[in-house]
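One file, query-v5.cif, carrying mmCIF, C-alpha atoms:
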```cif
data_structure
loop_
_atom_site.group_PDB
_atom_site.id
_atom_site.type_symbol
_atom_site.label_atom_id
_atom_site.label_comp_id
_atom_site.auth_asym_id
_atom_site.auth_seq_id
_atom_site.Cartn_x
_atom_site.Cartn_y
_atom_site.Cartn_z
ATOM 1 C CA MET A 1 2.037 -0.560 -2.332
ATOM 2 C CA ARG A 2 -1.277 0.930 -3.323
ATOM 3 C CA LEU A 3 -3.912 3.271 -1.961
ATOM 4 C CA THR A 4 -7.431 2.065 -2.821
ATOM 5 C CA ASN A 5 -9.292 3.392 -5.867
ATOM 6 C CA PHE A 6 -11.745 4.810 -3.327
ATOM 7 C CA THR A 7 -9.044 7.178 -2.025
ATOM 8 C CA ASP A 8 -7.810 7.961 -5.527
ATOM 9 C CA TYR A 9 -11.293 8.952 -6.725
ATOM 10 C CA ALA A 10 -12.092 10.841 -3.511
ATOM 11 C CA LEU A 11 -9.051 13.007 -4.243
ATOM 12 C CA ARG A 12 -10.081 13.518 -7.866
ATOM 13 C CA ILE A 13 -13.641 14.463 -6.856
ATOM 14 C CA LEU A 14 -12.392 17.010 -4.323
ATOM 15 C CA LEU A 15 -9.921 18.481 -6.821
ATOM 16 C CA TYR A 16 -12.665 18.774 -9.437
ATOM 17 C CA MET A 17 -15.034 20.459 -6.978
ATOM 18 C CA ALA A 18 -12.257 22.775 -5.769
ATOM 19 C CA ALA A 19 -11.603 23.875 -9.355
ATOM 20 C CA HIS A 20 -15.326 24.453 -10.035
ATOM 21 C CA ASN A 21 -16.374 25.787 -6.644
ATOM 22 C CA ASP A 22 -18.007 28.896 -8.150
ATOM 23 C CA ARG A 23 -21.002 26.692 -9.015
ATOM 24 C CA LEU A 24 -22.634 23.356 -8.133
ATOM 25 C CA THR A 25 -21.264 20.299 -9.918
ATOM 26 C CA THR A 26 -23.049 17.003 -10.533
ATOM 27 C CA ILE A 27 -21.984 13.371 -10.298
ATOM 28 C CA ALA A 28 -22.811 12.981 -14.001
ATOM 29 C CA GLU A 29 -20.306 15.722 -14.814
ATOM 30 C CA ILE A 30 -17.571 14.107 -12.714
ATOM 31 C CA GLN A 31 -18.378 10.728 -14.215
ATOM 32 C CA GLN A 32 -17.896 12.186 -17.706
ATOM 33 C CA ALA A 33 -14.661 13.858 -16.731
ATOM 34 C CA PHE A 34 -12.993 10.852 -15.088
ATOM 35 C CA ASP A 35 -14.771 7.952 -16.825
ATOM 36 C CA VAL A 36 -15.531 6.189 -13.517
ATOM 37 C CA SER A 37 -18.685 4.199 -12.656
ATOM 38 C CA LYS A 38 -21.552 6.284 -11.277
ATOM 39 C CA GLY A 39 -22.234 3.842 -8.428
ATOM 40 C CA HIS A 40 -18.648 4.106 -7.196
ATOM 41 C CA LEU A 41 -18.734 7.919 -7.384
ATOM 42 C CA MET A 42 -22.053 8.076 -5.517
ATOM 43 C CA LYS A 43 -20.640 6.034 -2.598
ATOM 44 C CA ILE A 44 -17.621 8.317 -2.356
ATOM 45 C CA VAL A 45 -19.651 11.542 -2.641
ATOM 46 C CA HIS A 46 -22.030 10.231 0.025
ATOM 47 C CA LEU A 47 -19.177 9.577 2.462
ATOM 48 C CA LEU A 48 -17.492 12.906 1.728
ATOM 49 C CA ALA A 49 -20.812 14.731 2.233
ATOM 50 C CA THR A 50 -21.517 12.856 5.485
ATOM 51 C CA GLU A 51 -18.132 13.947 6.821
ATOM 52 C CA GLY A 52 -18.648 17.569 5.775
ATOM 53 C CA TYR A 53 -16.087 17.641 2.966
ATOM 54 C CA LEU A 54 -18.913 18.240 0.477
ATOM 55 C CA HIS A 55 -22.131 20.221 0.655
ATOM 56 C CA THR A 56 -25.013 18.823 -1.354
ATOM 57 C CA VAL A 57 -28.028 20.758 -2.659
ATOM 58 C CA ARG A 58 -31.015 18.567 -3.543
ATOM 59 C CA GLY A 59 -33.525 19.085 -6.341
ATOM 60 C CA ARG A 60 -33.577 19.473 -10.126
ATOM 61 C CA SER A 61 -30.963 22.194 -10.243
ATOM 62 C CA GLY A 62 -29.094 20.727 -7.295
ATOM 63 C CA GLY A 63 -25.538 19.498 -7.110
ATOM 64 C CA THR A 64 -22.486 19.458 -4.911
ATOM 65 C CA ARG A 65 -19.699 21.816 -3.924
ATOM 66 C CA LEU A 66 -16.910 21.758 -1.335
ATOM 67 C CA GLY A 67 -18.185 21.936 2.244
ATOM 68 C CA MET A 68 -14.862 23.299 3.520
ATOM 69 C CA LYS A 69 -12.167 25.606 2.200
ATOM 70 C CA PRO A 70 -9.440 23.706 0.299
ATOM 71 C CA GLU A 71 -6.899 24.711 2.973
ATOM 72 C CA GLU A 72 -9.109 23.072 5.624
ATOM 73 C CA ILE A 73 -9.084 19.682 3.894
ATOM 74 C CA ASN A 74 -6.109 17.868 5.375
ATOM 75 C CA LEU A 75 -4.678 15.104 3.187
ATOM 76 C CA GLY A 76 -3.782 12.790 6.094
ATOM 77 C CA GLU A 77 -7.261 13.054 7.634
ATOM 78 C CA LEU A 78 -8.858 12.412 4.263
ATOM 79 C CA VAL A 79 -6.759 9.290 3.610
ATOM 80 C CA ARG A 80 -7.537 7.952 7.124
ATOM 81 C CA LEU A 81 -11.230 8.335 6.225
ATOM 82 C CA THR A 82 -11.115 6.732 2.796
ATOM 83 C CA GLU A 83 -8.649 3.851 3.338
ATOM 84 C CA PRO A 84 -10.190 0.747 4.935
ATOM 85 C CA ASP A 85 -7.067 0.044 7.034
ATOM 86 C CA PHE A 86 -3.310 0.456 7.188
ATOM 87 C CA LEU A 87 -2.361 -3.186 7.655
ATOM 88 C CA LEU A 88 0.792 -3.384 5.558
ATOM 89 C CA VAL A 89 1.164 -7.126 6.140
ATOM 90 C CA GLU A 90 -1.064 -9.937 7.433
ATOM 91 C CA CYS A 91 0.392 -10.010 10.945
ATOM 92 C CA LEU A 92 -0.770 -6.443 11.665
ATOM 93 C CA GLY A 93 -4.433 -7.534 11.510
ATOM 94 C CA HIS A 94 -6.595 -9.237 14.127
ATOM 95 C CA ASN A 95 -7.048 -12.442 12.117
ATOM 96 C CA SER A 96 -3.404 -13.163 11.441
ATOM 97 C CA GLN A 97 -2.729 -16.789 10.486
ATOM 98 C CA CYS A 98 1.044 -16.366 10.727
ATOM 99 C CA VAL A 99 2.585 -18.763 13.222
ATOM 100 C CA ILE A 100 4.909 -16.190 14.795
ATOM 101 C CA THR A 101 2.335 -13.407 15.190
ATOM 102 C CA HIS A 102 2.715 -13.137 18.965
ATOM 103 C CA SER A 103 6.506 -12.974 19.090
ATOM 104 C CA CYS A 104 7.077 -11.212 15.761
ATOM 105 C CA LYS A 105 8.927 -7.903 15.632
ATOM 106 C CA ILE A 106 8.063 -7.014 12.024
ATOM 107 C CA PRO A 107 5.179 -4.707 13.119
ATOM 108 C CA GLY A 108 7.505 -2.264 14.920
ATOM 109 C CA PRO A 109 9.442 -0.955 11.903
ATOM 110 C CA LEU A 110 6.426 -1.192 9.578
ATOM 111 C CA ASN A 111 4.203 0.802 11.931
ATOM 112 C CA LYS A 112 6.945 3.415 12.346
ATOM 113 C CA ALA A 113 7.218 3.694 8.550
ATOM 114 C CA MET A 114 3.438 4.016 8.274
ATOM 115 C CA ASP A 115 3.504 6.782 10.910
ATOM 116 C CA SER A 116 6.129 8.664 8.865
ATOM 117 C CA PHE A 117 3.965 8.254 5.772
ATOM 118 C CA MET A 118 0.874 9.646 7.482
ATOM 119 C CA GLU A 119 2.777 12.483 9.192
ATOM 120 C CA THR A 120 3.943 13.643 5.772
ATOM 121 C CA LEU A 121 0.392 13.538 4.396
ATOM 122 C CA ASP A 122 -0.739 15.482 7.487
ATOM 123 C CA SER A 123 1.437 18.381 6.362
ATOM 124 C CA TYR A 124 -0.562 18.910 3.131
ATOM 125 C CA THR A 125 -4.036 20.212 2.355
ATOM 126 C CA LEU A 126 -6.168 20.111 -0.776
ATOM 127 C CA LYS A 127 -4.988 23.634 -1.528
ATOM 128 C CA ASP A 128 -1.446 22.303 -2.162
ATOM 129 C CA MET A 129 -2.780 20.056 -4.911
ATOM 130 C CA MET A 130 -5.362 22.317 -6.569
ATOM 131 C CA ILE A 131 -5.379 22.769 -10.309
ATOM 132 C CA SER A 132 -7.255 25.511 -12.098
ATOM 133 C CA GLN A 133 -10.620 25.209 -13.816
ATOM 134 C CA SER A 134 -8.984 26.058 -17.137
ATOM 135 C CA SER A 135 -6.389 23.277 -16.709
ATOM 136 C CA PHE A 136 -9.225 20.812 -16.151
ATOM 137 C CA GLY A 137 -10.967 22.129 -19.254
ATOM 138 C CA GLU A 138 -7.857 21.875 -21.424
ATOM 139 C CA ALA A 139 -7.135 18.355 -20.177
ATOM 140 C CA LEU A 140 -10.679 17.259 -20.992
ATOM 141 C CA VAL A 141 -10.639 18.765 -24.487
ATOM 142 C CA GLN A 142 -7.351 17.003 -25.185
ATOM 143 C CA MET A 143 -8.554 13.678 -23.792
ATOM 144 C CA PHE A 144 -12.022 13.617 -25.336
ATOM 145 C CA PRO A 145 -11.986 15.679 -28.578
ATOM 146 C CA GLN A 146 -14.641 13.315 -29.976
ATOM 147 C CA ARG A 147 -17.221 14.133 -27.324
ATOM 148 C CA GLY A 148 -18.674 17.089 -29.197
ATOM 149 C CA PRO A 149 -19.139 20.781 -28.491
ATOM 150 C CA GLU A 150 -21.895 20.469 -25.881
ATOM 151 C CA PHE A 151 -19.743 18.434 -23.484
ATOM 152 C CA LEU A 152 -16.676 20.501 -24.190
ATOM 153 C CA ILE A 153 -18.388 23.885 -23.743
ATOM 154 C CA ASN A 154 -19.664 22.648 -20.419
ATOM 155 C CA VAL A 155 -16.307 21.516 -19.104
ATOM 156 C CA VAL A 156 -14.096 24.299 -20.467
ATOM 157 C CA GLU A 157 -16.328 27.099 -19.208
ATOM 158 C CA THR A 158 -14.138 29.150 -16.890
ATOM 159 C CA MET B 1 -2.439 0.074 2.017
ATOM 160 C CA ARG B 2 -0.693 -3.249 1.615
ATOM 161 C CA LEU B 3 2.739 -4.622 0.965
ATOM 162 C CA THR B 4 2.605 -7.674 -1.318
ATOM 163 C CA ASN B 5 2.567 -11.214 0.097
ATOM 164 C CA PHE B 6 5.906 -11.606 -1.679
ATOM 165 C CA THR B 7 7.462 -9.023 0.674
ATOM 166 C CA ASP B 8 5.665 -10.457 3.708
ATOM 167 C CA TYR B 9 6.973 -13.983 3.018
ATOM 168 C CA ALA B 10 10.463 -12.749 2.121
ATOM 169 C CA LEU B 11 10.624 -11.195 5.593
ATOM 170 C CA ARG B 12 9.345 -14.389 7.250
ATOM 171 C CA ILE B 13 11.870 -16.530 5.343
ATOM 172 C CA LEU B 14 14.750 -14.274 6.370
ATOM 173 C CA LEU B 15 13.605 -14.221 10.006
ATOM 174 C CA TYR B 16 13.333 -18.017 10.018
ATOM 175 C CA MET B 17 16.801 -18.416 8.509
ATOM 176 C CA ALA B 18 18.226 -15.852 10.924
ATOM 177 C CA ALA B 19 16.831 -17.815 13.863
ATOM 178 C CA HIS B 20 18.201 -21.130 12.529
ATOM 179 C CA ASN B 21 21.463 -19.903 11.018
ATOM 180 C CA ASP B 22 23.520 -22.512 12.911
ATOM 181 C CA ARG B 23 22.445 -25.031 10.242
ATOM 182 C CA LEU B 24 21.015 -25.256 6.738
ATOM 183 C CA THR B 25 17.233 -24.987 6.447
ATOM 184 C CA THR B 26 15.045 -26.312 3.628
ATOM 185 C CA ILE B 27 12.070 -24.900 1.759
ATOM 186 C CA ALA B 28 9.995 -27.888 2.991
ATOM 187 C CA GLU B 29 10.727 -26.847 6.576
ATOM 188 C CA ILE B 30 9.724 -23.224 5.977
ATOM 189 C CA GLN B 31 6.635 -24.386 4.112
ATOM 190 C CA GLN B 32 5.601 -26.458 7.151
ATOM 191 C CA ALA B 33 6.267 -23.601 9.536
ATOM 192 C CA PHE B 34 4.350 -20.907 7.650
ATOM 193 C CA ASP B 35 1.829 -22.975 5.690
ATOM 194 C CA VAL B 36 2.613 -21.208 2.410
ATOM 195 C CA SER B 37 2.712 -22.749 -1.083
ATOM 196 C CA LYS B 38 6.048 -24.289 -2.055
ATOM 197 C CA GLY B 39 6.024 -22.636 -5.492
ATOM 198 C CA HIS B 40 5.665 -19.187 -3.957
ATOM 199 C CA LEU B 41 8.455 -19.868 -1.455
ATOM 200 C CA MET B 42 10.778 -21.162 -4.185
ATOM 201 C CA LYS B 43 10.367 -17.973 -6.225
ATOM 202 C CA ILE B 44 11.158 -15.825 -3.191
ATOM 203 C CA VAL B 45 14.139 -17.939 -2.094
ATOM 204 C CA HIS B 46 15.474 -17.837 -5.659
ATOM 205 C CA LEU B 47 15.321 -14.023 -5.753
ATOM 206 C CA LEU B 48 16.835 -13.662 -2.280
ATOM 207 C CA ALA B 49 19.648 -16.078 -3.221
ATOM 208 C CA THR B 50 20.304 -14.266 -6.519
ATOM 209 C CA GLU B 51 20.675 -10.996 -4.624
ATOM 210 C CA GLY B 52 23.014 -12.521 -2.010
ATOM 211 C CA TYR B 53 20.591 -12.424 0.929
ATOM 212 C CA LEU B 54 20.650 -16.227 1.037
ATOM 213 C CA HIS B 55 23.390 -18.790 0.417
ATOM 214 C CA THR B 56 22.215 -22.083 -1.057
ATOM 215 C CA VAL B 57 24.014 -25.438 -0.826
ATOM 216 C CA ARG B 58 22.922 -27.971 -3.449
ATOM 217 C CA GLY B 59 22.633 -31.730 -3.060
ATOM 218 C CA ARG B 60 20.804 -34.266 -0.875
ATOM 219 C CA SER B 61 21.880 -32.738 2.406
ATOM 220 C CA GLY B 62 21.769 -29.231 0.993
ATOM 221 C CA GLY B 63 19.705 -26.279 2.090
ATOM 222 C CA THR B 64 19.835 -22.572 2.615
ATOM 223 C CA ARG B 65 21.148 -20.116 5.189
ATOM 224 C CA LEU B 66 21.583 -16.351 5.349
ATOM 225 C CA GLY B 67 24.160 -15.025 2.897
ATOM 226 C CA MET B 68 24.719 -11.861 4.961
ATOM 227 C CA LYS B 69 24.765 -10.974 8.646
ATOM 228 C CA PRO B 70 21.319 -9.906 9.934
ATOM 229 C CA GLU B 71 22.659 -6.399 10.597
ATOM 230 C CA GLU B 72 23.698 -6.136 6.928
ATOM 231 C CA ILE B 73 20.172 -6.813 5.656
ATOM 232 C CA ASN B 74 18.578 -3.389 5.364
ATOM 233 C CA LEU B 75 14.791 -3.372 5.515
ATOM 234 C CA GLY B 76 14.346 -0.538 3.002
ATOM 235 C CA GLU B 77 16.641 -2.178 0.440
ATOM 236 C CA LEU B 78 14.833 -5.483 0.882
ATOM 237 C CA VAL B 79 11.388 -3.923 0.374
ATOM 238 C CA ARG B 80 12.619 -2.069 -2.745
ATOM 239 C CA LEU B 81 13.706 -5.466 -4.101
ATOM 240 C CA THR B 82 10.534 -7.396 -3.284
ATOM 241 C CA GLU B 83 7.813 -4.834 -4.056
ATOM 242 C CA PRO B 84 6.909 -4.571 -7.757
ATOM 243 C CA ASP B 85 6.458 -0.777 -7.560
ATOM 244 C CA PHE B 86 5.523 2.106 -5.290
ATOM 245 C CA LEU B 87 2.726 3.588 -7.370
ATOM 246 C CA LEU B 88 0.279 4.613 -4.657
ATOM 247 C CA VAL B 89 -2.346 5.760 -7.176
ATOM 248 C CA GLU B 90 -2.937 5.269 -10.910
ATOM 249 C CA CYS B 91 -1.554 8.632 -11.975
ATOM 250 C CA LEU B 92 1.934 7.778 -10.674
ATOM 251 C CA GLY B 93 2.326 5.076 -13.360
ATOM 252 C CA HIS B 94 3.266 5.356 -17.033
ATOM 253 C CA ASN B 95 -0.094 4.137 -18.321
ATOM 254 C CA SER B 96 -2.332 6.507 -16.391
ATOM 255 C CA GLN B 97 -5.818 6.866 -17.868
ATOM 256 C CA CYS B 98 -6.704 9.791 -15.607
ATOM 257 C CA VAL B 99 -7.657 12.878 -17.587
ATOM 258 C CA ILE B 100 -5.685 15.310 -15.435
ATOM 259 C CA THR B 101 -2.459 13.287 -15.282
ATOM 260 C CA HIS B 102 -0.294 15.986 -16.872
ATOM 261 C CA SER B 103 -1.449 18.891 -14.714
ATOM 262 C CA CYS B 104 -2.179 16.925 -11.518
ATOM 263 C CA LYS B 105 -0.387 17.816 -8.293
ATOM 264 C CA ILE B 106 -1.430 14.714 -6.312
ATOM 265 C CA PRO B 107 1.916 12.966 -7.009
ATOM 266 C CA GLY B 108 3.944 15.573 -5.066
ATOM 267 C CA PRO B 109 2.566 14.912 -1.567
ATOM 268 C CA LEU B 110 2.159 11.176 -2.186
ATOM 269 C CA ASN B 111 5.752 10.781 -3.361
ATOM 270 C CA LYS B 112 6.991 12.777 -0.347
ATOM 271 C CA ALA B 113 4.991 10.485 1.950
ATOM 272 C CA MET B 114 6.414 7.427 0.200
ATOM 273 C CA ASP B 115 9.942 8.832 0.644
ATOM 274 C CA SER B 116 9.288 9.247 4.396
ATOM 275 C CA PHE B 117 8.022 5.666 4.546
ATOM 276 C CA MET B 118 11.121 4.269 2.833
ATOM 277 C CA GLU B 119 13.529 6.460 4.827
ATOM 278 C CA THR B 120 12.093 4.980 8.021
ATOM 279 C CA LEU B 121 12.498 1.431 6.696
ATOM 280 C CA ASP B 122 16.081 2.322 5.710
ATOM 281 C CA SER B 123 16.870 2.881 9.389
ATOM 282 C CA TYR B 124 16.167 -0.777 10.304
ATOM 283 C CA THR B 125 17.936 -4.060 9.605
ATOM 284 C CA LEU B 126 16.866 -7.690 9.976
ATOM 285 C CA LYS B 127 18.684 -7.730 13.334
ATOM 286 C CA ASP B 128 16.087 -5.307 14.768
ATOM 287 C CA MET B 129 13.322 -7.803 14.001
ATOM 288 C CA MET B 130 15.019 -11.111 14.887
ATOM 289 C CA ILE B 131 13.270 -13.585 17.124
ATOM 290 C CA SER B 132 14.992 -16.537 18.778
ATOM 291 C CA GLN B 133 14.991 -20.134 17.591
ATOM 292 C CA SER B 134 13.202 -21.163 20.809
ATOM 293 C CA SER B 135 10.444 -18.566 20.230
ATOM 294 C CA PHE B 136 9.904 -20.021 16.762
ATOM 295 C CA GLY B 137 9.766 -23.528 18.272
ATOM 296 C CA GLU B 138 7.259 -22.551 20.950
ATOM 297 C CA ALA B 139 5.059 -20.751 18.433
ATOM 298 C CA LEU B 140 5.029 -23.795 16.171
ATOM 299 C CA VAL B 141 4.193 -26.243 18.977
ATOM 300 C CA GLN B 142 1.323 -23.993 20.005
ATOM 301 C CA MET B 143 0.057 -23.560 16.456
ATOM 302 C CA PHE B 144 0.368 -27.180 15.300
ATOM 303 C CA PRO B 145 0.085 -29.526 18.341
ATOM 304 C CA GLN B 146 -1.510 -32.115 16.042
ATOM 305 C CA ARG B 147 1.494 -32.391 13.749
ATOM 306 C CA GLY B 148 3.188 -35.102 15.817
ATOM 307 C CA PRO B 149 6.561 -35.503 17.518
ATOM 308 C CA GLU B 150 8.702 -35.810 14.384
ATOM 309 C CA PHE B 151 7.745 -32.369 13.062
ATOM 310 C CA LEU B 152 7.847 -30.769 16.475
ATOM 311 C CA ILE B 153 11.228 -32.220 17.469
ATOM 312 C CA ASN B 154 12.600 -30.857 14.222
ATOM 313 C CA VAL B 155 11.293 -27.319 14.683
ATOM 314 C CA VAL B 156 11.796 -26.888 18.423
ATOM 315 C CA GLU B 157 15.398 -28.137 18.405
ATOM 316 C CA THR B 158 17.425 -25.275 19.864
#
```
Here is the file; what I need is its structure written in the form of structure tokens.
Amino acid sequence: MRLTNFTDYALRILLYMAAHNDRLTTIAEIQQAFDVSKGHLMKIVHLLATEGYLHTVRGRSGGTRLGMKPEEINLGELVRLTEPDFLLVECLGHNSQCVITHSCKIPGPLNKAMDSFMETLDSYTLKDMMISQSSFGEALVQMFPQRGPEFLINVVET
Amino acid sequence: MRLTNFTDYALRILLYMAAHNDRLTTIAEIQQAFDVSKGHLMKIVHLLATEGYLHTVRGRSGGTRLGMKPEEINLGELVRLTEPDFLLVECLGHNSQCVITHSCKIPGPLNKAMDSFMETLDSYTLKDMMISQSSFGEALVQMFPQRGPEFLINVVET
């Protein structure tokens, strides 16, 4: 079982912004921190901004910060937005090729299990997962000691 | 979110055997019914037989039937056997490349949600999902009317 990378990175982006919400952050900065392709990050930031999770300021000194308080960002709602579907097996989709699709009882238990999964996520917000700006900085220094003082000063600034 | 095809087909195999447990069934028969590769089915049947879910009789007139009663086959236990892991995101694995792995709090809520998912599956057995031999037959006739009387007589026999 896997969540998509899209969901994984959406969570990382929000956690990064939550830790650095005293200023605007840029996609380039997040790209450096998580070593993820810029194109992929841009798609995720665009969706999160469209849905109000992020607030974007345009221009040369522009950037992005959270558009809601961390305690207003519900984990279940976020995952429903970022996951393409919750079809655990083929027969739960519209284009099922399985011969017993119409009489099959597999969907019942699987959908119940999925409901339990989502209900649990619904009980958490971003605030429950936040890590501090200094923890981010320390993690980055440890991970990328070779990146030089300019990068490190930028990311460990607290 | 997806379960693997391995789990999906393991469930289909067990449901087919449960519906036809008055006789031995063969991999060729299941392959015809579900249109899945023989190699894939053989791997799954081998694992299910090794773990006692199936009982295999060797020889020319051999075949396979359930090795347990349907009510003894717990859905949660089965899924734990057939899924390779339950690592919803990268940071839950041992080889995480994410920079904040050590300080990250994402795993807490995700593991709780996964526990809720599995607890729900634990409350079901194969018996809750069984469909009758005649339902299988009707589904197959509808799906493969072109396959001719020999195949159809075989699969709709009740």
8 Å contacts from chain B to chain A using all atoms listed in the file, as a VMD selection string: chain B and resid 1 to 5 8 33 to 34 83 85 to 90 98 to 100 102 to 106 109 to 110 112 to 121 124 128 to 131 135 to 136 139 to 140 143
Any idea what the distance is between atom CA of Asp22 of chain B and atom CA of Glu51 of chain B?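 One can read the atom CA of Asp22 of chain B to atom CA of Glu51 of chain B distance as 21.2 Å.
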Atom CA of Glu72 of chain A to atom CA of Ser37 of chain A, straight-line distance in Å: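 Between atom CA of Ser37 of chain A and atom CA of Glu72 of chain A the gap works out to 28.0 Å.
The gap separating atom CA of Ala18 of chain B from atom CA of Lys69 of chain B is 8.5 Å, in Å to one decimal.
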If we count only C-alpha atoms, what is near segment 40-42 of chain B at a cut-off of 10 Å, once residues fewer than 4 positions away on the same chain are taken out, given as a VMD selection string? chain B and resid 5 to 6 9 to 10 13 27 to 28 30 to 31 36 46 to 48
Saving segment 80-92 of chain B with N, CA, C and O atoms, as a compact mmCIF listing (two decimals), in the first residue's frame, what would that file be?
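The new file decode28.txt reads:
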```
# COMPACT_ATOMS: atom_id res chain seq x y z
N ARG B 80 -1.94 -9.09 5.23
CA ARG B 80 -0.57 -8.98 5.79
C ARG B 80 0.38 -9.94 5.10
O ARG B 80 1.56 -9.67 4.92
N LEU B 81 -0.14 -11.11 4.70
CA LEU B 81 0.68 -12.12 4.01
C LEU B 81 0.99 -11.70 2.58
O LEU B 81 2.12 -11.84 2.11
N THR B 82 0.00 -11.16 1.88
CA THR B 82 0.16 -10.94 0.44
C THR B 82 0.73 -9.57 0.07
O THR B 82 1.29 -9.42 -1.01
N GLU B 83 0.60 -8.57 0.94
CA GLU B 83 1.18 -7.27 0.64
C GLU B 83 2.67 -7.26 1.01
O GLU B 83 3.04 -7.79 2.07
N PRO B 84 3.51 -6.66 0.17
CA PRO B 84 4.95 -6.67 0.48
C PRO B 84 5.29 -5.80 1.69
O PRO B 84 6.23 -6.08 2.43
N ASP B 85 4.55 -4.71 1.90
CA ASP B 85 4.79 -3.83 3.04
C ASP B 85 3.62 -2.87 3.20
O ASP B 85 2.70 -2.86 2.38
N PHE B 86 3.68 -2.08 4.24
CA PHE B 86 2.62 -1.08 4.47
C PHE B 86 3.25 0.30 4.65
O PHE B 86 2.87 1.06 5.53
N LEU B 87 4.23 0.57 3.81
CA LEU B 87 4.95 1.85 3.89
C LEU B 87 4.22 2.88 3.04
O LEU B 87 4.45 2.97 1.83
N LEU B 88 3.33 3.62 3.65
CA LEU B 88 2.48 4.55 2.90
C LEU B 88 3.27 5.65 2.21
O LEU B 88 2.89 6.13 1.16
N VAL B 89 4.36 6.09 2.83
CA VAL B 89 5.23 7.10 2.21
C VAL B 89 6.68 6.69 2.43
O VAL B 89 6.98 5.83 3.27
N GLU B 90 7.58 7.33 1.68
CA GLU B 90 9.00 6.96 1.68
C GLU B 90 9.60 6.91 3.09
O GLU B 90 10.34 6.01 3.43
N CYS B 91 9.24 7.91 3.91
CA CYS B 91 9.93 8.05 5.19
C CYS B 91 9.61 6.93 6.17
O CYS B 91 10.25 6.81 7.21
N LEU B 92 8.62 6.07 5.85
CA LEU B 92 8.31 4.96 6.74
C LEU B 92 9.26 3.78 6.52
O LEU B 92 9.29 2.84 7.31
```
